[in-house]
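Engineer: Got target.pdb for you, PDB, C-alpha atoms:
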```
ATOM      1  CA  MET N   1     142.963 122.402  82.111
ATOM      2  CA  ARG N   2     142.326 118.911  83.433
ATOM      3  CA  THR N   3     141.196 120.437  86.762
ATOM      4  CA  TRP N   4     138.591 122.545  84.979
ATOM      5  CA  ILE N   5     137.326 119.580  82.999
ATOM      6  CA  ALA N   6     137.009 117.631  86.268
ATOM      7  CA  ILE N   7     135.102 120.516  87.906
ATOM      8  CA  ALA N   8     132.794 120.823  84.876
ATOM      9  CA  GLY N   9     132.220 117.065  84.931
ATOM     10  CA  LEU N  10     131.417 117.139  88.634
ATOM     11  CA  GLY N  11     129.011 120.038  88.042
ATOM     12  CA  CYS N  12     127.255 118.038  85.317
ATOM     13  CA  VAL N  13     126.902 115.035  87.619
ATOM     14  CA  VAL N  14     125.437 117.219  90.398
ATOM     15  CA  LEU N  15     122.997 118.808  87.941
ATOM     16  CA  MET N  16     121.975 115.368  86.676
ATOM     17  CA  VAL N  17     121.272 114.247  90.253
ATOM     18  CA  VAL N  18     119.214 117.392  90.904
ATOM     19  CA  PHE N  19     117.266 116.995  87.641
ATOM     20  CA  TYR N  20     116.732 113.281  88.265
ATOM     21  CA  ARG N  21     115.299 114.013  91.702
ATOM     22  CA  ALA N  22     113.116 116.815  90.362
ATOM     23  CA  PHE N  23     111.897 115.058  87.213
ATOM     24  CA  GLY N  24     111.291 111.834  89.092
ATOM     25  CA  THR N  25     108.353 113.386  90.931
ATOM     26  CA  ASP N  26     105.041 114.849  89.858
ATOM     27  CA  PRO N  27     104.965 118.527  90.942
ATOM     28  CA  HIS N  28     101.214 118.222  91.514
ATOM     29  CA  ASP N  29     101.673 115.238  93.785
ATOM     30  CA  VAL N  30     101.395 116.471  97.366
ATOM     31  CA  PRO N  31     103.198 114.137  99.779
ATOM     32  CA  PHE N  32     101.019 112.491 102.419
ATOM     33  CA  MET N  33     102.987 111.573 105.526
ATOM     34  CA  LEU N  34     100.121 110.250 107.662
ATOM     35  CA  LYS N  35      99.721 106.975 105.785
ATOM     36  CA  GLY N  36     100.369 104.125 108.217
ATOM     37  CA  LYS N  37     100.166 106.480 111.189
ATOM     38  CA  PRO N  38      97.420 106.983 113.789
ATOM     39  CA  ALA N  39      94.527 109.107 112.585
ATOM     40  CA  PRO N  40      94.445 112.539 114.244
ATOM     41  CA  ALA N  41      91.967 112.884 117.097
ATOM     42  CA  PHE N  42      88.843 114.876 116.260
ATOM     43  CA  ALA N  43      85.747 116.169 117.982
ATOM     44  CA  VAL N  44      83.095 117.500 115.631
ATOM     45  CA  THR N  45      79.311 117.523 115.426
ATOM     46  CA  ASP N  46      76.734 115.772 113.288
ATOM     47  CA  LEU N  47      75.386 118.203 110.694
ATOM     48  CA  MET N  48      71.787 117.060 111.004
ATOM     49  CA  THR N  49      71.458 116.151 114.709
ATOM     50  CA  GLY N  50      74.085 118.396 116.289
ATOM     51  CA  GLN N  51      75.306 115.395 118.306
ATOM     52  CA  PRO N  52      79.054 115.254 119.040
ATOM     53  CA  VAL N  53      81.106 112.729 117.086
ATOM     54  CA  THR N  54      84.637 112.046 118.304
ATOM     55  CA  SER N  55      87.490 109.774 117.360
ATOM     56  CA  GLU N  56      87.227 108.290 120.870
ATOM     57  CA  GLN N  57      83.771 106.930 120.033
ATOM     58  CA  LEU N  58      85.186 105.165 116.980
ATOM     59  CA  LYS N  59      87.963 103.291 118.766
ATOM     60  CA  GLY N  60      88.147  99.686 117.631
ATOM     61  CA  GLN N  61      85.990 100.322 114.545
ATOM     62  CA  PRO N  62      87.215 100.775 110.988
ATOM     63  CA  TYR N  63      85.779 103.864 109.346
ATOM     64  CA  VAL N  64      85.775 105.866 106.132
ATOM     65  CA  LEU N  65      85.867 109.665 106.077
ATOM     66  CA  ASN N  66      84.719 111.352 102.890
ATOM     67  CA  PHE N  67      85.500 115.081 102.720
ATOM     68  CA  TRP N  68      83.144 116.976 100.412
ATOM     69  CA  ALA N  69      81.640 120.410  99.793
ATOM     70  CA  SER N  70      78.421 121.667  98.249
ATOM     71  CA  TRP N  71      80.397 123.800  95.775
ATOM     72  CA  CYS N  72      82.459 120.822  94.556
ATOM     73  CA  GLU N  73      81.299 119.337  91.238
ATOM     74  CA  PRO N  74      83.438 116.151  91.434
ATOM     75  CA  CYS N  75      81.922 115.538  94.891
ATOM     76  CA  GLU N  76      78.461 115.597  93.304
ATOM     77  CA  ALA N  77      79.589 112.948  90.855
ATOM     78  CA  GLU N  78      81.068 110.860  93.680
ATOM     79  CA  HIS N  79      78.104 110.956  96.113
ATOM     80  CA  PRO N  80      76.254 107.950  94.588
ATOM     81  CA  THR N  81      79.384 105.796  94.902
ATOM     82  CA  ILE N  82      79.931 106.730  98.546
ATOM     83  CA  GLU N  83      76.257 106.174  99.257
ATOM     84  CA  TRP N  84      76.469 102.747  97.619
ATOM     85  CA  GLY N  85      79.551 101.907  99.727
ATOM     86  CA  ALA N  86      77.926 103.063 102.964
ATOM     87  CA  ARG N  87      75.009 100.697 102.338
ATOM     88  CA  ALA N  88      76.985  97.784 100.877
ATOM     89  CA  PHE N  89      79.630  97.700 103.623
ATOM     90  CA  SER N  90      77.521  98.872 106.569
ATOM     91  CA  ASP N  91      78.194  95.600 108.420
ATOM     92  CA  ARG N  92      81.967  96.112 108.312
ATOM     93  CA  VAL N  93      82.772  99.826 108.159
ATOM     94  CA  ARG N  94      81.245 103.083 109.344
ATOM     95  CA  PHE N  95      81.018 105.873 106.791
ATOM     96  CA  PHE N  96      81.101 109.592 107.573
ATOM     97  CA  GLY N  97      80.859 112.590 105.293
ATOM     98  CA  VAL N  98      82.794 115.671 106.404
ATOM     99  CA  LEU N  99      81.759 119.091 105.118
ATOM    100  CA  TYR N 100      84.866 120.897 103.936
ATOM    101  CA  SER N 101      85.242 124.672 103.779
ATOM    102  CA  ASP N 102      81.524 125.172 103.503
ATOM    103  CA  THR N 103      78.601 126.408 105.548
ATOM    104  CA  ALA N 104      76.208 124.103 107.389
ATOM    105  CA  GLU N 105      73.315 125.715 105.486
ATOM    106  CA  ASN N 106      74.841 124.905 102.106
ATOM    107  CA  GLY N 107      75.598 121.385 103.305
ATOM    108  CA  LYS N 108      72.031 120.812 104.484
ATOM    109  CA  LYS N 109      70.621 122.202 101.221
ATOM    110  CA  ASN N 110      72.821 119.808  99.291
ATOM    111  CA  LEU N 111      71.857 116.849 101.487
ATOM    112  CA  ALA N 112      68.163 117.658 101.020
ATOM    113  CA  GLN N 113      68.610 116.860  97.331
ATOM    114  CA  ARG N 114      69.983 113.377  98.007
ATOM    115  CA  ASN N 115      69.270 110.666 100.491
ATOM    116  CA  ALA N 116      72.492 110.241 102.468
ATOM    117  CA  SER N 117      72.162 107.235 104.751
ATOM    118  CA  PHE N 118      75.310 107.932 106.791
ATOM    119  CA  PRO N 119      76.235 110.762 109.197
ATOM    120  CA  GLN N 120      77.573 114.040 107.866
ATOM    121  CA  LEU N 121      79.947 115.999 110.089
ATOM    122  CA  VAL N 122      80.545 119.727 110.439
ATOM    123  CA  ASP N 123      84.182 120.741 110.640
ATOM    124  CA  PRO N 124      84.424 124.386 111.744
ATOM    125  CA  HIS N 125      87.376 126.227 110.194
ATOM    126  CA  SER N 126      88.285 122.930 108.462
ATOM    127  CA  ARG N 127      90.449 122.062 111.458
ATOM    128  CA  MET N 128      89.809 118.335 111.141
ATOM    129  CA  ALA N 129      90.530 118.537 107.402
ATOM    130  CA  VAL N 130      93.914 120.201 107.989
ATOM    131  CA  ASP N 131      94.731 117.720 110.763
ATOM    132  CA  PHE N 132      94.112 114.941 108.218
ATOM    133  CA  ALA N 133      96.262 116.804 105.640
ATOM    134  CA  THR N 134      93.375 117.255 103.241
ATOM    135  CA  THR N 135      94.369 119.203 100.142
ATOM    136  CA  GLY N 136      90.947 119.609  98.570
ATOM    137  CA  VAL N 137      87.736 117.751  97.878
ATOM    138  CA  PRO N 138      86.726 115.066  97.350
ATOM    139  CA  GLU N 139      89.230 113.143  99.440
ATOM    140  CA  THR N 140      88.522 109.897 101.277
ATOM    141  CA  TYR N 141      90.416 108.372 104.189
ATOM    142  CA  PHE N 142      90.348 104.719 105.194
ATOM    143  CA  VAL N 143      91.088 104.092 108.877
ATOM    144  CA  ASP N 144      91.388 100.559 110.235
ATOM    145  CA  ALA N 145      90.128  99.201 113.571
ATOM    146  CA  SER N 146      93.383 100.101 115.328
ATOM    147  CA  GLY N 147      92.979 103.746 114.282
ATOM    148  CA  ILE N 148      95.686 103.707 111.596
ATOM    149  CA  ILE N 149      95.192 105.609 108.329
ATOM    150  CA  MET N 150      95.686 102.890 105.748
ATOM    151  CA  HIS N 151      94.846 104.908 102.638
ATOM    152  CA  LYS N 152      93.981 108.348 101.410
ATOM    153  CA  TYR N 153      92.215 108.592  98.061
ATOM    154  CA  VAL N 154      92.303 111.914  96.210
ATOM    155  CA  GLY N 155      89.496 112.585  93.746
ATOM    156  CA  PRO N 156      86.177 110.890  93.044
ATOM    157  CA  LEU N 157      86.096 107.190  93.907
ATOM    158  CA  ASP N 158      84.660 104.464  91.723
ATOM    159  CA  ARG N 159      82.902 101.415  93.191
ATOM    160  CA  GLN N 160      85.684  98.952  92.446
ATOM    161  CA  THR N 161      88.361 101.083  94.152
ATOM    162  CA  LEU N 162      86.083 101.805  97.096
ATOM    163  CA  ALA N 163      85.371  98.101  97.582
ATOM    164  CA  TYR N 164      89.087  97.279  97.340
ATOM    165  CA  LEU N 165      90.084  99.930  99.896
ATOM    166  CA  VAL N 166      87.307  98.932 102.296
ATOM    167  CA  ASP N 167      88.612  95.353 102.094
ATOM    168  CA  GLN N 168      92.037  96.666 103.152
ATOM    169  CA  ILE N 169      90.741  98.132 106.417
ATOM    170  CA  ALA N 170      87.996  95.612 107.132
ATOM    171  CA  PRO N 171      88.465  92.229 105.454
ATOM    172  CA  ARG N 172      85.352  90.261 104.583
ATOM    173  CA  ARG N 173      84.325  87.916 107.388
ATOM    174  CA  ALA N 174      85.358  84.767 105.469
ATOM    175  CA  GLU N 175      88.802  86.308 104.779
ATOM    176  CA  ALA N 176      89.169  87.501 108.355
ATOM    177  CA  LYS N 177      88.699  83.956 109.680
ATOM    178  CA  GLN N 178      91.476  82.530 107.495
TER
ATOM    179  CA  MET D   1      75.389 138.627  80.264
ATOM    180  CA  ILE D   2      77.984 136.129  81.465
ATOM    181  CA  ALA D   3      79.270 138.658  84.008
ATOM    182  CA  LEU D   4      75.714 139.216  85.252
ATOM    183  CA  ALA D   5      75.142 135.458  85.611
ATOM    184  CA  LEU D   6      78.424 134.999  87.475
ATOM    185  CA  THR D   7      77.724 137.938  89.794
ATOM    186  CA  THR D   8      74.236 136.618  90.570
ATOM    187  CA  ALA D   9      75.586 133.130  91.290
ATOM    188  CA  LEU D  10      78.240 134.526  93.605
ATOM    189  CA  LEU D  11      75.739 136.779  95.395
ATOM    190  CA  LEU D  12      73.413 133.840  95.935
ATOM    191  CA  GLY D  13      76.398 132.030  97.384
ATOM    192  CA  ASP D  14      75.172 128.608  96.308
ATOM    193  CA  TYR D  15      78.350 127.684  94.507
ATOM    194  CA  ALA D  16      80.901 130.028  96.035
ATOM    195  CA  PRO D  17      83.391 128.561  98.482
ATOM    196  CA  GLN D  18      82.570 129.630 101.992
ATOM    197  CA  PRO D  19      85.798 129.631 103.952
ATOM    198  CA  MET D  20      84.961 130.224 107.586
ATOM    199  CA  ALA D  21      87.957 132.216 108.748
ATOM    200  CA  SER D  22      88.778 132.086 112.422
ATOM    201  CA  GLU D  23      88.908 135.262 114.497
ATOM    202  CA  MET D  24      91.912 137.489 113.913
ATOM    203  CA  LEU D  25      94.563 137.691 116.622
ATOM    204  CA  PRO D  26      96.154 140.851 118.065
ATOM    205  CA  PRO D  27      98.331 142.639 115.434
ATOM    206  CA  ASP D  28     101.685 141.294 116.644
ATOM    207  CA  GLN D  29     100.431 137.696 116.711
ATOM    208  CA  GLU D  30      98.633 138.161 113.401
ATOM    209  CA  ALA D  31     101.904 139.385 111.873
ATOM    210  CA  ARG D  32     103.510 136.172 113.147
ATOM    211  CA  VAL D  33     100.721 134.110 111.579
ATOM    212  CA  GLN D  34     101.356 135.816 108.230
ATOM    213  CA  ARG D  35     105.123 135.388 108.559
ATOM    214  CA  ILE D  36     104.783 131.651 109.225
ATOM    215  CA  GLY D  37     102.151 131.379 106.480
ATOM    216  CA  GLU D  38     104.583 132.904 103.989
ATOM    217  CA  GLN D  39     106.987 130.022 104.631
ATOM    218  CA  LEU D  40     104.435 127.250 104.038
ATOM    219  CA  ARG D  41     103.483 126.031 100.583
ATOM    220  CA  CYS D  42      99.866 126.056  99.472
ATOM    221  CA  PRO D  43      98.960 122.437  98.599
ATOM    222  CA  ILE D  44      96.983 123.235  95.457
ATOM    223  CA  CYS D  45      98.793 126.291  94.056
ATOM    224  CA  GLN D  46     101.874 126.763  91.894
ATOM    225  CA  GLY D  47     104.615 128.067  94.175
ATOM    226  CA  LEU D  48     102.325 130.186  96.358
ATOM    227  CA  SER D  49     102.411 130.353 100.120
ATOM    228  CA  ILE D  50      99.295 129.762 102.206
ATOM    229  CA  ALA D  51      99.484 133.434 103.205
ATOM    230  CA  ALA D  52      99.342 134.520  99.555
ATOM    231  CA  SER D  53      96.751 132.068  98.245
ATOM    232  CA  PRO D  54      92.986 132.694  98.458
ATOM    233  CA  SER D  55      92.164 128.987  97.948
ATOM    234  CA  PRO D  56      89.994 127.207 100.568
ATOM    235  CA  ALA D  57      92.834 124.784 101.381
ATOM    236  CA  ALA D  58      95.280 127.624 102.028
ATOM    237  CA  ARG D  59      92.690 129.577 104.070
ATOM    238  CA  ALA D  60      92.031 126.493 106.183
ATOM    239  CA  GLU D  61      95.747 125.943 106.785
ATOM    240  CA  LEU D  62      96.292 129.590 107.692
ATOM    241  CA  ASP D  63      93.410 129.273 110.158
ATOM    242  CA  ARG D  64      95.192 126.271 111.674
ATOM    243  CA  VAL D  65      98.410 128.305 111.948
ATOM    244  CA  ARG D  66      96.369 131.012 113.716
ATOM    245  CA  GLU D  67      94.961 128.430 116.092
ATOM    246  CA  LEU D  68      98.408 127.005 116.883
ATOM    247  CA  VAL D  69      99.777 130.514 117.499
ATOM    248  CA  ARG D  70      96.843 131.127 119.829
ATOM    249  CA  GLU D  71      97.752 127.909 121.676
ATOM    250  CA  GLY D  72     101.236 129.317 122.253
ATOM    251  CA  LYS D  73     103.146 127.003 119.914
ATOM    252  CA  SER D  74     106.580 128.114 118.716
ATOM    253  CA  ASP D  75     107.344 128.795 115.024
ATOM    254  CA  GLN D  76     109.271 125.528 114.793
ATOM    255  CA  GLU D  77     106.461 123.538 116.442
ATOM    256  CA  ILE D  78     103.987 124.970 113.944
ATOM    257  CA  LYS D  79     106.259 124.127 111.010
ATOM    258  CA  ASP D  80     106.785 120.629 112.429
ATOM    259  CA  TYR D  81     103.005 120.184 112.559
ATOM    260  CA  PHE D  82     102.800 120.762 108.795
ATOM    261  CA  ILE D  83     106.002 118.822 108.024
ATOM    262  CA  SER D  84     104.551 115.801 109.861
ATOM    263  CA  ARG D  85     101.647 115.899 107.380
ATOM    264  CA  TYR D  86     103.222 116.999 104.088
ATOM    265  CA  GLY D  87     106.936 116.406 104.638
ATOM    266  CA  ASP D  88     109.608 118.958 103.738
ATOM    267  CA  TRP D  89     107.620 119.638 100.567
ATOM    268  CA  VAL D  90     105.482 122.057 102.574
ATOM    269  CA  LEU D  91     108.435 124.372 103.230
ATOM    270  CA  LEU D  92     108.894 126.988 100.506
ATOM    271  CA  SER D  93     112.581 127.257 101.521
ATOM    272  CA  PRO D  94     114.043 123.772 101.902
ATOM    273  CA  ARG D  95     115.974 123.067 105.095
ATOM    274  CA  ALA D  96     119.760 123.305 104.769
ATOM    275  CA  GLU D  97     120.566 119.653 105.431
ATOM    276  CA  GLY D  98     121.393 116.477 103.504
ATOM    277  CA  ALA D  99     120.944 116.670  99.735
ATOM    278  CA  ASN D 100     119.260 120.067 100.194
ATOM    279  CA  TRP D 101     122.737 121.554 100.604
ATOM    280  CA  ILE D 102     123.066 121.362  96.799
ATOM    281  CA  VAL D 103     120.261 123.897  96.503
ATOM    282  CA  TRP D 104     121.839 126.239  99.036
ATOM    283  CA  VAL D 105     125.519 125.929  98.106
ATOM    284  CA  GLY D 106     125.173 125.114  94.386
ATOM    285  CA  PRO D 107     124.365 128.608  93.074
ATOM    286  CA  ALA D 108     127.135 130.257  95.143
ATOM    287  CA  LEU D 109     129.593 127.599  94.025
ATOM    288  CA  LEU D 110     128.637 128.087  90.375
ATOM    289  CA  LEU D 111     129.043 131.858  90.837
ATOM    290  CA  VAL D 112     132.556 131.415  92.223
ATOM    291  CA  ILE D 113     133.531 128.997  89.442
ATOM    292  CA  GLY D 114     132.105 131.400  86.856
ATOM    293  CA  ALA D 115     134.019 134.352  88.347
ATOM    294  CA  ILE D 116     137.295 132.399  88.343
ATOM    295  CA  THR D 117     136.722 131.316  84.738
ATOM    296  CA  ILE D 118     136.013 134.893  83.633
ATOM    297  CA  ALA D 119     139.059 136.194  85.524
ATOM    298  CA  ARG D 120     141.314 133.623  83.907
ATOM    299  CA  THR D 121     139.902 134.359  80.452
ATOM    300  CA  LEU D 122     140.356 138.139  80.833
ATOM    301  CA  LYS D 123     143.910 137.692  82.049
ATOM    302  CA  GLY D 124     144.643 135.985  78.758
ATOM    303  CA  PRO D 125     147.023 133.190  77.961
ATOM    304  CA  LYS D 126     150.505 133.330  79.416
ATOM    305  CA  ALA D 127     153.020 135.186  77.166
ATOM    306  CA  ALA D 128     154.148 132.486  74.882
ATOM    307  CA  THR D 129     157.846 132.279  74.556
ATOM    308  CA  ALA D 130     158.865 131.585  71.026
ATOM    309  CA  ALA D 131     159.841 128.059  70.798
ATOM    310  CA  PRO D 132     163.240 127.565  69.185
ATOM    311  CA  ALA D 133     163.028 126.243  65.712
ATOM    312  CA  PRO D 134     163.839 122.635  65.679
ATOM    313  CA  THR D 135     167.252 122.056  64.360
ATOM    314  CA  ALA D 136     168.067 119.014  62.522
ATOM    315  CA  PRO D 137     170.952 117.061  63.771
ATOM    316  CA  ALA D 138     174.061 117.785  61.741
ATOM    317  CA  ASP D 139     174.661 114.195  60.963
ATOM    318  CA  ASP D 140     171.186 113.561  59.478
ATOM    319  CA  GLU D 141     172.018 111.485  56.381
ATOM    320  CA  PHE D 142     168.805 112.317  54.558
ATOM    321  CA  LEU D 143     169.270 116.122  54.979
ATOM    322  CA  ARG D 144     172.895 115.934  53.923
ATOM    323  CA  ARG D 145     171.870 114.245  50.680
ATOM    324  CA  VAL D 146     169.049 116.790  50.083
ATOM    325  CA  ARG D 147     171.526 119.686  50.547
ATOM    326  CA  GLU D 148     173.916 118.063  48.090
ATOM    327  CA  GLU D 149     171.109 117.751  45.538
ATOM    328  CA  VAL D 150     170.043 121.391  45.997
ATOM    329  CA  ASP D 151     173.515 122.828  45.999
ATOM    330  CA  GLY D 152     174.442 120.760  43.040
TER
END
```
What would you get if you wrote out this structure as structure tokens?

Structural biologist:
Amino acid sequence: MRTWIAIAGLGCVVLMVVFYRAFGTDPHDVPFMLKGKPAPAFAVTDLMTGQPVTSEQLKGQPYVLNFWASWCEPCEAEHPTIEWGARAFSDRVRFFGVLYSDTAENGKKNLAQRNASFPQLVDPHSRMAVDFATTGVPETYFVDASGIIMHKYVGPLDRQTLAYLVDQIAPRRAEAKQ
Amino acid sequence: MIALALTTALLLGDYAPQPMASEMLPPDQEARVQRIGEQLRCPICQGLSIAASPSPAARAELDRVRELVREGKSDQEIKDYFISRYGDWVLLSPRAEGANWIVWVGPALLLVIGAITIARTLKGPKAATAAPAPTAPADDEFLRRVREEVDG
């Protein structure tokens, strides 16, 4: 009898461990393993000019990649914030928009309705997006000057968060000197 | 009216997702793509594989699997590519190692314990041998006096 009580007790402990592990995580939270690791290499083209844009060209420069699509409503809401950031931090960080799972035509039509001041990239078959472990749009990646992905932000950014994350990859000049 | 509006919007294609699927591979390689895709979790679905989900994210990942197959990568190399981005979470069947063993061995263990419990219950309790009635010691002073009282 005591053996069976011990087995039942052990079973309960195991179940508690399993439940603790399962309940301790958000099932909608997709793990992101590239944080703190080198950004994947990419070679894409500029949507408007057709010029190649590669990760090689960006070596030594911090940059922000904003994945978006013309069919994405939250992206529409986020565009003004990204545009603000691209202008406000142009002396420290380069901004790029990356069209995700969309056609170049739809992207151009969307861009015609707003005045994007930073380059927009075409990512055929969303290869670059998958390499960066994108799970949807909008998603924004912050890569520092050494090419390391410091942050990935899922969902529409607000100005305060954008400014904070830009500071993480490219400190203000006064801070950098300290 | 709503159906008409939705159909028109989809036909115009302004708001419909436009996944740009890569070219299909020969049937045997395509079957491999699907088989690998069935083992990888769609990042935005509830328990669906990227082979089963029509979402843009899943389509894009399946395209990447197709590309890696075309490049001659092995099944394990392709899985490792996704694990390096999403961790073990991306595998619909967790690997049998570490704490994951609980998931693999637990159900079988519970089945065995359950079967043993049922077997023991059906067998019933051991035939109880009638315990001899306790006999009072002959020299119990209290009982002797009770007997005297009863017998008069």

Engineer: Compare D:Arg120, D:Arg85, D:Arg95, D:Arg32 by their minimum atom-to-atom distance to chain N, counting all atoms listed in the file, and give me the closest one.

Structural biologist: D:Arg85

Engineer: Box time for range 142-147 of chain N: axis-aligned, enclosing all its listed atoms, 6 Å extra on each side; report centre and edge lengths in Å to one decimal, as JSON.

Structural biologist:
```
{"center_x": 91.8, "center_y": 102.0, "center_z": 110.3, "size_x": 15.3, "size_y": 17.5, "size_z": 22.1}
```

Engineer: Kindly give the distance, in Å, that separates CA of Thr81 in chain N and CA of Thr161 in chain N, rounded to a single decimal.

Structural biologist: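 Separation of CA of Thr81 in chain N and CA of Thr161 in chain N: 10.2 Å.
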
Engineer: Once the ChimeraX specification (/N :<10) & /D has been applied to the shown file, what residues remain in the selection, as an NGL selection string?

Structural biologist: :D and (13-22 or 42-46 or 55-64 or 67 or 81-90 or 99-100 or 102-103 or 106 or 109-110 or 113 or 117)

Engineer: Generate the output file for the selected residues, C-alpha atoms, as a compact mmCIF listing (two decimals), keeping the file's coordinate frame.

Structural biologist:
```
# COMPACT_ATOMS: atom_id res chain seq x y z
CA GLY D 13 76.40 132.03 97.38
CA ASP D 14 75.17 128.61 96.31
CA TYR D 15 78.35 127.68 94.51
CA ALA D 16 80.90 130.03 96.04
CA PRO D 17 83.39 128.56 98.48
CA GLN D 18 82.57 129.63 101.99
CA PRO D 19 85.80 129.63 103.95
CA MET D 20 84.96 130.22 107.59
CA ALA D 21 87.96 132.22 108.75
CA SER D 22 88.78 132.09 112.42
CA CYS D 42 99.87 126.06 99.47
CA PRO D 43 98.96 122.44 98.60
CA ILE D 44 96.98 123.24 95.46
CA CYS D 45 98.79 126.29 94.06
CA GLN D 46 101.87 126.76 91.89
CA SER D 55 92.16 128.99 97.95
CA PRO D 56 89.99 127.21 100.57
CA ALA D 57 92.83 124.78 101.38
CA ALA D 58 95.28 127.62 102.03
CA ARG D 59 92.69 129.58 104.07
CA ALA D 60 92.03 126.49 106.18
CA GLU D 61 95.75 125.94 106.78
CA LEU D 62 96.29 129.59 107.69
CA ASP D 63 93.41 129.27 110.16
CA ARG D 64 95.19 126.27 111.67
CA GLU D 67 94.96 128.43 116.09
CA TYR D 81 103.00 120.18 112.56
CA PHE D 82 102.80 120.76 108.80
CA ILE D 83 106.00 118.82 108.02
CA SER D 84 104.55 115.80 109.86
CA ARG D 85 101.65 115.90 107.38
CA TYR D 86 103.22 117.00 104.09
CA GLY D 87 106.94 116.41 104.64
CA ASP D 88 109.61 118.96 103.74
CA TRP D 89 107.62 119.64 100.57
CA VAL D 90 105.48 122.06 102.57
CA ALA D 99 120.94 116.67 99.74
CA ASN D 100 119.26 120.07 100.19
CA ILE D 102 123.07 121.36 96.80
CA VAL D 103 120.26 123.90 96.50
CA GLY D 106 125.17 125.11 94.39
CA LEU D 109 129.59 127.60 94.02
CA LEU D 110 128.64 128.09 90.38
CA ILE D 113 133.53 129.00 89.44
CA THR D 117 136.72 131.32 84.74
```

Engineer: For CA of Leu91 in chain D and CA of Ser49 in chain D, quote the distance in Å rounded to one decimal.

Structural biologist: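 Rounded to one decimal, the two atoms are 9.0 Å apart.
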
Engineer: Dump as a PDB file with C-alpha atoms, in the coordinates of the input all residues having an atom at most 10 Å from (81.3, 102.7, 94.6), computed in the file's coordinates with only C-alpha atoms.

Structural biologist:
```pdb
ATOM      1  CA  GLU N  78      81.068 110.860  93.680  1.00  0.00           C
ATOM      2  CA  HIS N  79      78.104 110.956  96.113  1.00  0.00           C
ATOM      3  CA  PRO N  80      76.254 107.950  94.588  1.00  0.00           C
ATOM      4  CA  THR N  81      79.384 105.796  94.902  1.00  0.00           C
ATOM      5  CA  ILE N  82      79.931 106.730  98.546  1.00  0.00           C
ATOM      6  CA  GLU N  83      76.257 106.174  99.257  1.00  0.00           C
ATOM      7  CA  TRP N  84      76.469 102.747  97.619  1.00  0.00           C
ATOM      8  CA  GLY N  85      79.551 101.907  99.727  1.00  0.00           C
ATOM      9  CA  ALA N  86      77.926 103.063 102.964  1.00  0.00           C
ATOM     10  CA  ALA N  88      76.985  97.784 100.877  1.00  0.00           C
ATOM     11  CA  PRO N 156      86.177 110.890  93.044  1.00  0.00           C
ATOM     12  CA  LEU N 157      86.096 107.190  93.907  1.00  0.00           C
ATOM     13  CA  ASP N 158      84.660 104.464  91.723  1.00  0.00           C
ATOM     14  CA  ARG N 159      82.902 101.415  93.191  1.00  0.00           C
ATOM     15  CA  GLN N 160      85.684  98.952  92.446  1.00  0.00           C
ATOM     16  CA  THR N 161      88.361 101.083  94.152  1.00  0.00           C
ATOM     17  CA  LEU N 162      86.083 101.805  97.096  1.00  0.00           C
ATOM     18  CA  ALA N 163      85.371  98.101  97.582  1.00  0.00           C
ATOM     19  CA  TYR N 164      89.087  97.279  97.340  1.00  0.00           C
TER      20      TYR N 164
END
```

Engineer: List the residues matched by the PyMOL selection byres ((chain D and resi 70) around 12) in the displayed structure as an MDAnalysis selection string, ordered by chain and then by residue number.

Structural biologist: chainID D and resid 22:26 28:30 32:33 63:69 71:75 78

Engineer: Can you work out the spacing between CA of Asp167 in chain N and CA of Val122 in chain N in Å, to one decimal?

Structural biologist: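 Separation between CA of Asp167 in chain N and CA of Val122 in chain N: 27.0 Å.
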